[in-house]
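S.K.: Quick one, run-v6.cif (mmCIF, C-alpha atoms):
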data_model
#
loop_
_atom_site.label_atom_id
_atom_site.label_comp_id
_atom_site.auth_asym_id
_atom_site.auth_seq_id
_atom_site.Cartn_x
_atom_site.Cartn_y
_atom_site.Cartn_z
CA MET A 1 0.00 0.00 0.00
CA LEU A 2 1.29 3.46 -0.91
CA LYS A 3 2.19 5.64 2.03
CA LYS A 4 0.01 8.68 2.66
CA ARG A 5 1.47 12.12 2.00
CA ILE A 6 1.44 15.40 3.92
CA ILE A 7 1.56 18.38 1.54
CA PRO A 8 1.81 22.04 2.52
CA CYS A 9 0.41 24.47 -0.05
CA LEU A 10 1.78 27.86 -1.04
CA ASP A 11 -0.97 30.02 -2.56
CA ILE A 12 0.88 32.82 -4.34
CA THR A 13 -0.22 36.32 -5.34
CA GLU A 14 2.29 38.84 -6.71
CA GLY A 15 5.14 36.67 -5.50
CA ARG A 16 3.93 36.40 -1.89
CA VAL A 17 2.31 33.54 0.02
CA VAL A 18 -1.30 34.39 0.92
CA LYS A 19 -4.25 32.72 2.63
CA GLY A 20 -7.95 33.42 2.45
CA ILE A 21 -11.37 32.06 3.37
CA HIS A 22 -13.71 30.74 0.68
CA PHE A 23 -11.14 31.97 -1.89
CA VAL A 24 -11.54 35.61 -0.72
CA ASN A 25 -10.39 37.82 2.21
CA ILE A 26 -6.79 37.22 1.21
CA ARG A 27 -4.01 38.10 3.66
CA ASP A 28 -0.24 37.94 3.41
CA ALA A 29 1.54 34.90 4.87
CA GLY A 30 5.16 35.48 3.92
CA ASP A 31 7.93 34.77 1.45
CA PRO A 32 7.57 31.58 -0.63
CA VAL A 33 11.29 30.87 -0.72
CA GLU A 34 11.54 30.94 3.06
CA TRP A 35 8.50 28.68 3.39
CA ALA A 36 9.85 26.24 0.81
CA ARG A 37 13.13 26.00 2.71
CA LYS A 38 11.30 25.39 5.99
CA TYR A 39 8.88 22.77 4.68
CA ASP A 40 11.64 20.86 2.93
CA ARG A 41 13.72 20.87 6.12
CA ASP A 42 10.74 19.85 8.28
CA GLY A 43 10.02 16.73 6.24
CA ALA A 44 7.03 17.61 4.06
CA ASP A 45 6.43 14.89 1.49
CA GLU A 46 5.72 17.31 -1.35
CA LEU A 47 5.04 21.00 -1.88
CA VAL A 48 2.27 22.55 -3.97
CA PHE A 49 2.72 26.07 -5.39
CA LEU A 50 -0.38 27.72 -6.86
CA ASP A 51 -0.27 31.18 -8.44
CA ILE A 52 -3.91 31.82 -7.62
CA THR A 53 -4.34 35.06 -9.60
CA ALA A 54 -2.37 34.21 -12.75
CA THR A 55 -5.47 33.06 -14.63
CA SER A 56 -7.84 35.75 -13.35
CA ASP A 57 -5.23 38.42 -14.13
CA ASN A 58 -4.72 36.88 -17.58
CA ARG A 59 -0.96 36.58 -17.12
CA ALA A 60 1.69 33.89 -17.08
CA ILE A 61 2.91 32.34 -13.88
CA LEU A 62 5.87 34.03 -12.17
CA ILE A 63 8.66 31.83 -13.49
CA ASP A 64 11.38 33.51 -11.44
CA VAL A 65 9.50 32.74 -8.22
CA VAL A 66 9.06 29.11 -9.29
CA GLU A 67 12.79 28.86 -9.97
CA ARG A 68 13.74 30.37 -6.61
CA VAL A 69 11.39 28.07 -4.72
CA SER A 70 12.57 25.02 -6.67
CA ASP A 71 16.18 25.80 -5.75
CA GLU A 72 15.30 25.21 -2.09
CA LEU A 73 13.60 21.84 -2.55
CA PHE A 74 14.62 18.21 -2.53
CA ILE A 75 11.02 16.99 -2.42
CA PRO A 76 8.50 16.71 -5.28
CA PHE A 77 7.21 20.10 -6.36
CA THR A 78 3.83 20.72 -8.03
CA VAL A 79 3.16 24.07 -9.71
CA GLY A 80 -0.08 25.51 -11.03
CA GLY A 81 -1.62 28.80 -12.12
CA GLY A 82 -1.93 30.37 -15.55
CA ILE A 83 -0.81 27.23 -17.41
CA ARG A 84 -2.65 27.19 -20.72
CA SER A 85 -0.66 24.95 -23.06
CA VAL A 86 1.89 22.15 -23.32
CA LYS A 87 4.44 24.88 -24.04
CA ASP A 88 3.61 26.48 -20.68
CA MET A 89 4.01 23.09 -19.02
CA HIS A 90 7.47 22.78 -20.53
CA LYS A 91 8.50 26.16 -19.12
CA ILE A 92 7.32 25.23 -15.63
CA LEU A 93 9.04 21.86 -15.68
CA LYS A 94 12.21 23.49 -16.96
CA ALA A 95 11.99 25.95 -14.04
CA GLY A 96 12.16 23.03 -11.61
CA ALA A 97 8.65 21.66 -11.12
CA ASP A 98 8.08 17.91 -10.96
CA LYS A 99 4.34 18.05 -11.63
CA ILE A 100 1.96 20.44 -13.35
CA SER A 101 -1.39 21.44 -11.87
CA ILE A 102 -4.05 22.62 -14.32
CA ASN A 103 -7.59 23.80 -13.69
CA THR A 104 -9.19 26.53 -15.81
CA ALA A 105 -7.35 25.62 -19.01
CA ALA A 106 -8.27 21.96 -18.58
CA VAL A 107 -11.94 22.79 -18.10
CA LYS A 108 -11.96 25.02 -21.18
CA ASP A 109 -9.95 22.54 -23.28
CA PRO A 110 -10.06 19.03 -21.74
CA ASP A 111 -7.71 17.73 -24.44
CA LEU A 112 -4.95 19.64 -22.64
CA ILE A 113 -5.00 16.88 -20.02
CA ARG A 114 -4.47 14.25 -22.69
CA GLU A 115 -1.76 16.26 -24.44
CA GLY A 116 0.10 16.85 -21.18
CA ALA A 117 -0.06 13.17 -20.29
CA ILE A 118 1.23 12.18 -23.73
CA HIS A 119 4.15 14.60 -23.56
CA TYR A 120 5.17 14.20 -19.93
CA GLY A 121 3.34 11.15 -18.55
CA SER A 122 0.19 10.95 -16.46
CA GLN A 123 2.23 11.03 -13.25
CA CYS A 124 3.14 14.63 -14.13
CA ILE A 125 -0.42 15.91 -14.65
CA VAL A 126 -2.44 16.99 -11.61
CA VAL A 127 -5.93 18.26 -12.32
CA ALA A 128 -6.99 20.79 -9.69
CA VAL A 129 -10.71 20.61 -8.97
CA ASP A 130 -12.30 23.67 -7.34
CA ILE A 131 -15.72 22.39 -6.41
CA LYS A 132 -18.76 23.74 -4.59
CA ARG A 133 -21.98 22.19 -3.35
CA GLU A 134 -25.26 23.06 -5.04
CA GLY A 135 -28.25 21.26 -3.61
CA GLU A 136 -27.57 17.53 -3.81
CA GLY A 137 -24.78 17.95 -6.32
CA PHE A 138 -21.57 19.83 -7.02
CA LYS A 139 -20.42 22.36 -9.60
CA ILE A 140 -16.95 23.13 -10.92
CA TYR A 141 -15.50 26.62 -10.58
CA ILE A 142 -12.62 28.12 -12.55
CA ARG A 143 -10.47 31.27 -12.67
CA GLY A 144 -9.38 30.94 -9.06
CA GLY A 145 -12.91 30.25 -7.86
CA ARG A 146 -14.30 33.37 -9.48
CA GLU A 147 -16.35 31.77 -12.26
CA ARG A 148 -19.03 29.12 -11.89
CA THR A 149 -19.52 26.54 -14.61
CA GLU A 150 -22.43 24.21 -15.36
CA ILE A 151 -20.11 21.20 -15.14
CA ASP A 152 -21.06 18.48 -12.70
CA GLY A 153 -18.21 18.09 -10.22
CA LEU A 154 -18.19 14.31 -9.98
CA ASP A 155 -18.52 13.84 -13.73
CA TRP A 156 -15.54 16.13 -14.24
CA CYS A 157 -13.36 14.17 -11.83
CA LYS A 158 -14.04 10.95 -13.73
CA LYS A 159 -13.49 12.64 -17.08
CA ALA A 160 -10.16 14.05 -15.95
CA GLU A 161 -9.02 10.55 -15.00
CA ASP A 162 -10.20 9.13 -18.32
CA LEU A 163 -8.27 11.83 -20.21
CA GLY A 164 -5.01 10.91 -18.48
CA ALA A 165 -4.75 12.87 -15.23
CA GLY A 166 -2.43 11.14 -12.80
CA GLU A 167 -3.84 12.81 -9.71
CA LEU A 168 -6.70 15.05 -8.57
CA LEU A 169 -6.25 17.99 -6.20
CA VAL A 170 -9.77 18.47 -4.85
CA THR A 171 -10.53 21.73 -3.04
CA SER A 172 -13.89 22.16 -1.38
CA MET A 173 -14.68 25.84 -1.82
CA ASP A 174 -17.29 25.56 0.92
CA ARG A 175 -14.63 24.50 3.42
CA ASP A 176 -11.67 26.54 2.17
CA GLY A 177 -10.06 28.45 5.06
CA THR A 178 -12.85 27.61 7.51
CA LYS A 179 -10.87 25.09 9.60
CA ASP A 180 -14.10 23.09 9.96
CA GLY A 181 -12.63 19.96 8.44
CA TYR A 182 -12.49 18.52 4.95
CA ASP A 183 -15.75 17.68 3.16
CA LEU A 184 -15.66 13.95 3.85
CA ASP A 185 -18.83 13.18 1.90
CA LEU A 186 -17.35 14.84 -1.19
CA LEU A 187 -14.04 13.03 -0.77
CA GLN A 188 -15.75 9.66 -0.31
CA ARG A 189 -17.76 10.16 -3.48
CA ILE A 190 -14.71 11.05 -5.53
CA THR A 191 -12.36 8.38 -4.18
CA SER A 192 -15.00 5.72 -4.80
CA LEU A 193 -15.39 6.98 -8.37
CA VAL A 194 -11.78 7.23 -9.57
CA ASN A 195 -8.73 4.98 -9.37
CA ILE A 196 -6.05 7.67 -9.29
CA PRO A 197 -4.71 9.37 -6.15
CA VAL A 198 -6.82 12.16 -4.67
CA ILE A 199 -5.37 15.03 -2.62
CA ALA A 200 -7.80 16.56 -0.12
CA SER A 201 -7.80 20.35 0.20
CA GLY A 202 -9.96 22.91 1.96
CA GLY A 203 -10.97 23.05 5.61
CA CYS A 204 -8.16 21.59 7.70
CA GLY A 205 -8.12 23.09 11.20
CA LYS A 206 -6.75 20.33 13.41
CA LEU A 207 -4.86 17.08 13.14
CA GLU A 208 -8.01 14.98 13.45
CA HIS A 209 -9.19 16.48 10.16
CA LEU A 210 -6.13 15.09 8.38
CA TYR A 211 -6.77 11.66 9.86
CA ASP A 212 -10.45 11.74 8.86
CA ALA A 213 -9.65 12.72 5.28
CA ILE A 214 -7.33 9.74 4.93
CA GLU A 215 -9.25 7.16 6.95
CA LYS A 216 -12.82 8.16 6.12
CA GLY A 217 -12.40 10.16 2.92
CA GLY A 218 -10.10 7.60 1.35
CA VAL A 219 -7.59 10.11 0.00
CA SER A 220 -3.94 9.44 -0.81
CA ALA A 221 -2.68 12.79 0.45
CA VAL A 222 -3.80 15.73 2.56
CA LEU A 223 -2.99 19.32 1.70
CA ALA A 224 -3.07 22.13 4.23
CA ALA A 225 -1.89 25.72 4.45
CA SER A 226 -2.92 27.88 7.40
CA ILE A 227 -2.32 25.29 10.13
CA PHE A 228 1.30 25.11 8.99
CA HIS A 229 1.83 28.74 7.91
CA TYR A 230 0.64 30.17 11.21
CA GLY A 231 2.47 27.71 13.42
CA GLU A 232 -0.50 25.81 14.80
CA PHE A 233 1.15 22.51 13.93
CA THR A 234 4.46 21.43 12.42
CA ILE A 235 5.05 18.75 9.82
CA PRO A 236 6.87 16.50 12.37
CA GLN A 237 3.97 16.87 14.85
CA THR A 238 1.52 15.99 12.13
CA LYS A 239 3.39 12.88 11.09
CA GLU A 240 3.82 11.68 14.66
CA TYR A 241 0.10 12.09 15.30
CA LEU A 242 -0.92 10.21 12.15
CA LYS A 243 1.58 7.43 12.84
CA SER A 244 0.15 7.13 16.35
CA LYS A 245 -3.21 6.51 14.68
CA LYS A 246 -1.65 3.59 12.79
CA LEU A 247 -1.72 5.27 9.40
CA ASN A 248 0.95 4.38 6.86
CA ILE A 249 2.76 7.73 6.67
CA ARG A 250 6.01 8.54 4.93
CA GLU A 251 8.98 9.06 7.24
#
Spell out the structure here as structure tokens.
M.R.:
Amino acid sequence: MLKKRIIPCLDITEGRVVKGIHFVNIRDAGDPVEWARKYDRDGADELVFLDITATSDNRAILIDVVERVSDELFIPFTVGGGIRSVKDMHKILKAGADKISINTAAVKDPDLIREGAIHYGSQCIVVAVDIKREGEGFKIYIRGGRERTEIDGLDWCKKAEDLGAGELLVTSMDRDGTKDGYDLDLLQRITSLVNIPVIASGGCGKLEHLYDAIEKGGVSAVLAASIFHYGEFTIPQTKEYLKSKKLNIRE
């Protein structure tokens, strides 16, 4: 059985780490290079870097920031934001990323998932899913959560897998920044539907939430930001807790 992963996330705006609630009320959380250095040293399993305003601002990702963060890392590094083509993917990988995260561009042109997988392998393509409850179902949002689509959330997850995504990064917009816990019902539905790894995102406020996402939600990895950025818990504390709960966690 694959070991479960603990993944800090750096949401980036104008070269700075930020954190918000429900994708709004953004506040500064520091320098991404310093955070990358710390998380690598503390034993994070991977690091996710998302330029959350690149698409909404209609600009390319900040390559120089990606390069500077990559220089600090010896762990797998996923980068997303403003990636619109295979050519963009190449630039990001050349800058030091190990995986590419795509969202808006994939929704607008699903063949981009297939093209990326053909060029770089499915293991390199992470489809980020920004998803929100509507009644009994879910809808997909794009452009950093600013634009609602008519796409059914669960159907999109399955389609992304079928097109060649190697992993799904699922963010519950309803839970984002709330610290109320991950949306376990959503995670259970997705992990029972697809056969690729799912990363849970949105809502982590305490260590029990990480455990629940893995044990009850069935995910392969848990992503968190504020609990790590603001010093509520460290990566070593998190791993010790999850190991004490008999989960198969990377050392």
S.K.: Rounded to one decimal in Å, what is the spacing between CA of Pro8 (chain A) and CA of Leu247 (chain A)?
M.R.: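 Calculated distance between CA of Pro8 (chain A) and CA of Leu247 (chain A) is 18.5 Å.
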S.K.: With all atoms listed in the file as the atoms that count, which of A:Ala106, A:Ser85, A:Asp183, A:Gln188 lies nearest to Ala160 (chain A)?
M.R.: A:Ala106
S.K.: Identify which of the residues A:Lys246, A:Ile75, A:Tyr141, A:Gly205 lies closest to Tyr230 (chain A), counting all atoms listed in the file when measuring atom-to-atom distances.
M.R.: A:Gly205
S.K.: Could you tell me which of A:Cys157, A:Val222, A:Leu169, A:Ala95 comes closest to Leu193 (chain A) if we count all atoms listed in the file?
M.R.: A:Cys157
S.K.: Hey, what comes out of the PyMOL selection byres ((chain A and resi 15) around 8) on this file? Could you write it as number ranges by chain?
M.R.: A: 12-14, 16-17, 31-32, 62, 65
S.K.: As a check of understanding, name the residues that the PyMOL selection byres ((chain A and resi 7) around 8) selects in the supplied structure, as an NGL selection string.
M.R.: :A and (5-6 or 8-9 or 44-48 or 221-224)
S.K.: Just to confirm, what's the straight-line distance from CA of Asn248 (chain A) to CA of Lys4 (chain A) in Å (one decimal)?
M.R.: 6.1 Å
S.K.: Counting all atoms listed in the file, find the residues whose atoms lie at most 10 Å from (-11.3, 10.6, -2.0) (file coordinates) and write them out as a VMD selection string.
M.R.: chain A and resid 168 to 170 183 to 200 213 to 221
S.K.: For the PyMOL selection byres ((chain A and resi 102) around 9), applied here, can you spell out every residue it catches as a list in words?
M.R.: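 Answer for the PyMOL selection byres ((chain A and resi 102) around 9): Val79, Gly80, Gly81, Gly82, Ile83, Arg84, Ile100, Ser101, Asn103, Thr104, Ala105, Ala106, Val107, Leu112, Ile113, Ile125, Val126, Val127, Ala128 and Val129 of chain A.
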S.K.: Under the rule that only C-alpha atoms are counted, which of A:Val86, A:Val66, A:Ile140, A:Met173 is the nearest residue to Leu154 (chain A)?
M.R.: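 Using only C-alpha atoms, Leu154 (chain A) sits closest to A:Ile140.
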S.K.: List the spatial neighbours of Tyr241 (chain A) as a PyMOL selection string - criterion: any atom at most 12 Å away, all atoms listed in the file, same-chain residues fewer than 5 positions off excluded.
M.R.: chain A and resi 6+206-211+233-236+246-249
S.K.: With all atoms listed in the file as the atoms that count, which of A:Thr238, A:Thr171, A:Gln123, A:Ser70 lies nearest to Trp35 (chain A)?
M.R.: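 Among the listed residues, the smallest separation from Trp35 (chain A) belongs to A:Ser70.
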S.K.: Between A:Glu251, A:Asp130, A:Asp98, A:Glu72, which residue has the minimum interatomic distance to Asp40 (chain A), considering all atoms listed in the file?
M.R.: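 Counting all atoms listed in the file, the residue closest to Asp40 (chain A) is A:Glu72.
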S.K.: What is the distance, in Å and to one decimal place, between CA of Ser56 (chain A) and CA of Arg146 (chain A)?
M.R.: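 Going from CA of Ser56 (chain A) over to CA of Arg146 (chain A) covers 7.9 Å.
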S.K.: If I put a ball of radius 10 Å at (-20.0, 22.5, -14.3) in the file's coordinates, which residues poke into it when counting only C-alpha atoms, written as a list of chain:residue names?
M.R.: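 The residues near that point, listed by chain and number, are A:Val107, A:Ile131, A:Lys132, A:Phe138, A:Lys139, A:Ile140, A:Tyr141, A:Ile142, A:Arg148, A:Thr149, A:Glu150, A:Ile151, A:Asp152, A:Gly153, A:Leu154, A:Asp155, A:Trp156.
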